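Report on the following structure.
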Amino acid sequence: MVRLEGTGIGGGIAVGRARVLEVASRDVPRRRIDSAETDAEQLRLAQAVGQVKAELAGLVESLPKGAPTEAAALLEVHAMILDDPALSGAAREAIVEHLWNAEWALSAQAGHLAAQFEALEDAYLRERGRDVQQVADRVMRALAGLGGPAADVSEPVIFVAEDISPADMLTMRSALGFAIDLGGITSHTAILARSMNVPAVVGLGAARARVQDDDWLILDGDAGVVIVAPDAGVLADYRARQAAGERERVELRRLTGVAAVTRDGAAVALQVNIERPDEAAAAADSGASGVGLFRSEFLFMNRAELPGEEEQFEAYRTVVRAMQGRPVTIRTIDVGADKTLNAGAASASVATNPALGRRAIRYSLAQPEVFLAQLRAILRASADGPVRLLVPMIAHHHEVDSLMRLLGQAREQLRESGQAFDAELAVGAMIEVPAAALCAGYFASRLDFLSIGTNDLIQYTLAIDRADHEVASLYDPFHPAVLRLVAGTIEAGRRAGRPVSVCGEMAGDWRATRLLLGMGL
């Protein structure tokens with residue numbers, strides 16, 4: 001019996017036989033070509049890209065009616081990566097410039113892009129490198145005349161792999177669960193597994209090397225544990241836990257419409273985080289009291305040009321209307337000097353230390369025209385329902401001054417053009433750095449609400465990157481220093497009469513619920 005530990009994505013417990021997927025070939029065919037062959041190699045690459053695009057489009061068309069909303073969106077992201085000149089376009093140029101065959105050119109460019117993402121501080125953006133590599137692997141299979149990574153399996157199994165792309169995951173209809181060596185909680189594979197409510201564990205590191213086909217596996221997606229070849233006692237224990245978990249899920253589904261109120265009558269607002277407009281309908285159906293965080297980065301990533309005001313407005317308005325009168329909190333763009341958005345005025349060079357560089361509000365204030373377009377779009381969406389504006393990484397008083405000045409300018413521009421908006425739009429700050437937490441009283445006095453971003457606050461307070469497996473064990477939401485900052489922020493909001501919310505993994509950790517409520521949340 002072998003016990004492996006990784007990062008649990010949820011979904012409960014699965015017990016079943018293992019099906020180990022072959023690793024994508026790392027032995028990329030590399031050969032120099034004659035200049036007369038460049039057109040033929042470019043055509044091979046273009047045909048392979050076209051084949052993959054057709055496969056992805058076919059998967060979107062064949063999605064069943066009850067498929068998770070994330071499924072089509074993630075397939076579209078991979079299709080966008082295929083169209084990105086930074087991948088296939090640069091590979092075609094490499095064929096001509098370096099006289100490389102198509103596989104070599106594509107592999108080199110995918111590796112270059114993946115390395116750029118790997119250097120990013122933000123865990124979500126860092127995982128996008130996996131998307132680039134997954135898309136490149138799929139094109140490589142097309143160049144080699146191969147199909148998908150998994151054979152058709154009739155009986156339910158637990159798939160074990162180094163990595164699985166969302167497109168491949170959707171073809172694995174018999175999956176009881178997924179045990180994956182690579183990736184983190186913000187990988188698109190993890191996001192899709194979570195939306196499918198299939199038990200999954202990522203970041204296992206060595207599962208594929210330790211598991212063989214037909215091994216009995218226990219996969220605990222909540223605890224992040226995989227047990228290989230369990231003995232009879234352990235197997236019986238987990239089957240009992242599995243049955244108890246299913247009974248609990250049935251009971252929880254009955255509570256969807258029940259108000260979240262403590263025994264002494266205190267109402268607790270339970271809201272959802274979303275990343276794309278098409279997630280709003282599911283959020284509304286879940287019984288959530290609103291959207292606590294709508295990340296706007298999806299509009300800016302994986303494209304050559306920045307989105308205009310109209311495109312942003314339509315996306316924000318879609319969510320506002322879907323929530324049918326429940327509040328929607330839209331966070332302004334949270335990118336930084338570690339990510340180039342395009343080749344124009346809004347691009348930025350890679351910072352020496354991206355975590356401490358020009359990111360979030362610092363980036364927005366350095367690009368006032370880009371920021372004004374986003375502020376106008378958010379303001380316009382507020383005419384269709386309750387909207388709150390949330391600004392990430394606030395730390396200085398002058399950032400609040402600049403924010404309010406630009407917001408006033410955006411309001412005036414909309415008045416001049418006759419555009420409707422909510423003149424009383426609530427404006428809040430994310431408390432994500434110790435400086436902001438220690439000065440929470442000041443920010444509460446200037447703004448309408450505060451939202452504690454626990455993931456970044458814990459990392460900055462403890463100097464721990466939770467995505468770094470060598471120090472991840474030191475990432476502790478219950479460290480006394482972290483709890484003091486959280487409690488102090490909640491108290492500052494109480495004194496100023498301003499609402500305070502908590503987001504991040506700590507907000508979803510039931511162990512912290514009583515503690516946070518006891519602090520006055």
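Lettering and numbering for the structure tokens are positional, with chains as A, B, ... in the shown order, residues counted from 1 in each chain, and ligands counted from 1 in the shown order.
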Checklist entry - Could you pull out the strand (DSSP E) residues of range 209-411 of chain A from DSSP and send them as a PyMOL selection string? => result chain A and resi 216-220+225-228+272-274+291-295+328-331+387-391
With C-alpha atoms retained, write the just-selected residues as a PDB file, in the first residue's frame.
```pdb
ATOM      1  CA  TRP A 216      -6.949  -0.457  -7.055  1.00  0.00           C
ATOM      2  CA  LEU A 217      -6.941   3.226  -6.057  1.00  0.00           C
ATOM      3  CA  ILE A 218      -8.604   5.322  -3.401  1.00  0.00           C
ATOM      4  CA  LEU A 219      -8.732   8.961  -4.517  1.00  0.00           C
ATOM      5  CA  ASP A 220      -9.779  11.485  -1.863  1.00  0.00           C
ATOM      6  CA  VAL A 225      -4.699  11.894  -1.038  1.00  0.00           C
ATOM      7  CA  VAL A 226      -4.288   8.914  -3.372  1.00  0.00           C
ATOM      8  CA  ILE A 227      -3.831   5.433  -1.871  1.00  0.00           C
ATOM      9  CA  VAL A 228      -2.432   2.771  -4.176  1.00  0.00           C
ATOM     10  CA  VAL A 272     -19.470  33.338  -5.271  1.00  0.00           C
ATOM     11  CA  ASN A 273     -16.305  34.102  -7.211  1.00  0.00           C
ATOM     12  CA  ILE A 274     -16.515  33.891 -11.006  1.00  0.00           C
ATOM     13  CA  VAL A 291     -21.089  37.737  -6.835  1.00  0.00           C
ATOM     14  CA  GLY A 292     -18.401  38.613  -4.324  1.00  0.00           C
ATOM     15  CA  LEU A 293     -15.610  38.746  -6.894  1.00  0.00           C
ATOM     16  CA  PHE A 294     -15.880  38.929 -10.684  1.00  0.00           C
ATOM     17  CA  ARG A 295     -12.318  38.772 -12.024  1.00  0.00           C
ATOM     18  CA  VAL A 328     -22.069  42.001  -8.366  1.00  0.00           C
ATOM     19  CA  THR A 329     -18.586  43.036  -7.218  1.00  0.00           C
ATOM     20  CA  ILE A 330     -16.297  43.641 -10.204  1.00  0.00           C
ATOM     21  CA  ARG A 331     -12.563  43.724  -9.513  1.00  0.00           C
ATOM     22  CA  VAL A 387     -22.605  46.819  -8.870  1.00  0.00           C
ATOM     23  CA  ARG A 388     -19.656  47.339  -6.560  1.00  0.00           C
ATOM     24  CA  LEU A 389     -16.199  48.359  -7.779  1.00  0.00           C
ATOM     25  CA  LEU A 390     -13.288  46.552  -6.109  1.00  0.00           C
ATOM     26  CA  VAL A 391      -9.668  47.669  -6.499  1.00  0.00           C
TER      27      VAL A 391
END
```
Checklist entry - Hey, what's within 12 Å of Val400 in chain A if we count only C-alpha atoms and toss same-chain stuff fewer than 6 positions away? As a PyMOL selection string, please? => result chain A and resi 361-362+365+390-394+406-407+427-430+436+442-448
Checklist entry - Using only C-alpha atoms, which of A:Val52, A:Ala73, A:Val160, A:Ala175 sits nearest Gln134 in chain A? => result A:Val52
Item to check | alpha helix (DSSP H) positions in range 216-416 of chain A, given as a ChimeraX atom specification | outcome: /A:232-253,280-285,309-322,361-366,368-381,397-416
With range 304-319 of chain A as the partner and 12 Å as the cut-off, tabulate the residues of range 76-160 of chain A that qualify, each row holding the nearest pair of atoms and their distance in Å to one decimal, using only C-alpha atoms, sorted by chain and rising number, as CSV.
```
residue,atom,partner,partner_atom,distance
A:Met80,CA,A:Ala304,CA,10.6
A:Ile81,CA,A:Ala304,CA,10.8
A:Asp83,CA,A:Ala304,CA,10.2
A:Asp84,CA,A:Ala304,CA,7.5
A:Pro85,CA,A:Ala304,CA,8.1
A:Ala86,CA,A:Ala304,CA,8.8
A:Leu87,CA,A:Ala304,CA,11.8
```
Kindly save the residues from that selection, with N, CA, C and O atoms included, as a short mmCIF file (atom, residue, chain, number, x, y, z; two decimals), in the first residue's frame.
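Just written: out_12.cif:
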```cif
data_model
loop_
_atom_site.label_atom_id
_atom_site.label_comp_id
_atom_site.auth_asym_id
_atom_site.auth_seq_id
_atom_site.Cartn_x
_atom_site.Cartn_y
_atom_site.Cartn_z
N MET A 80 -8.31 29.94 -28.74
CA MET A 80 -7.70 31.27 -28.81
C MET A 80 -6.18 31.17 -28.80
O MET A 80 -5.49 31.91 -29.51
N ILE A 81 -5.64 30.25 -27.98
CA ILE A 81 -4.19 30.07 -27.95
C ILE A 81 -3.69 29.60 -29.31
O ILE A 81 -2.63 30.02 -29.79
N ASP A 83 -4.88 30.40 -32.14
CA ASP A 83 -4.91 31.56 -33.05
C ASP A 83 -3.90 32.63 -32.67
O ASP A 83 -3.69 33.56 -33.44
N ASP A 84 -3.29 32.52 -31.51
CA ASP A 84 -2.38 33.56 -31.03
C ASP A 84 -1.10 33.55 -31.86
O ASP A 84 -0.41 32.53 -31.93
N PRO A 85 -0.75 34.67 -32.47
CA PRO A 85 0.50 34.72 -33.26
C PRO A 85 1.73 34.39 -32.44
O PRO A 85 2.75 33.98 -33.00
N ALA A 86 1.64 34.56 -31.12
CA ALA A 86 2.80 34.28 -30.28
C ALA A 86 3.15 32.80 -30.27
O ALA A 86 4.27 32.43 -29.91
N LEU A 87 2.21 31.92 -30.67
CA LEU A 87 2.50 30.49 -30.71
C LEU A 87 2.67 30.02 -32.16
O LEU A 87 3.79 29.86 -32.62
#
```
Item to check | For CA of Val28 in chain A and CA of Ala110 in chain A, the interatomic separation in Å (one decimal) | outcome: 12.1 Å
Checklist outcome for this item: Using only C-alpha atoms, the best pick from A:Pro477, A:Gly385, A:Gly6, A:Gly493 as closest to Val202 in chain A would be A:Gly6
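Of the residues under consideration (A:Ala267, A:Leu120, A:Ile158, A:Ala108), A:Ala108 shows the shortest atom-to-atom contact distance to Met140 in chain A when counting only C-alpha atoms.
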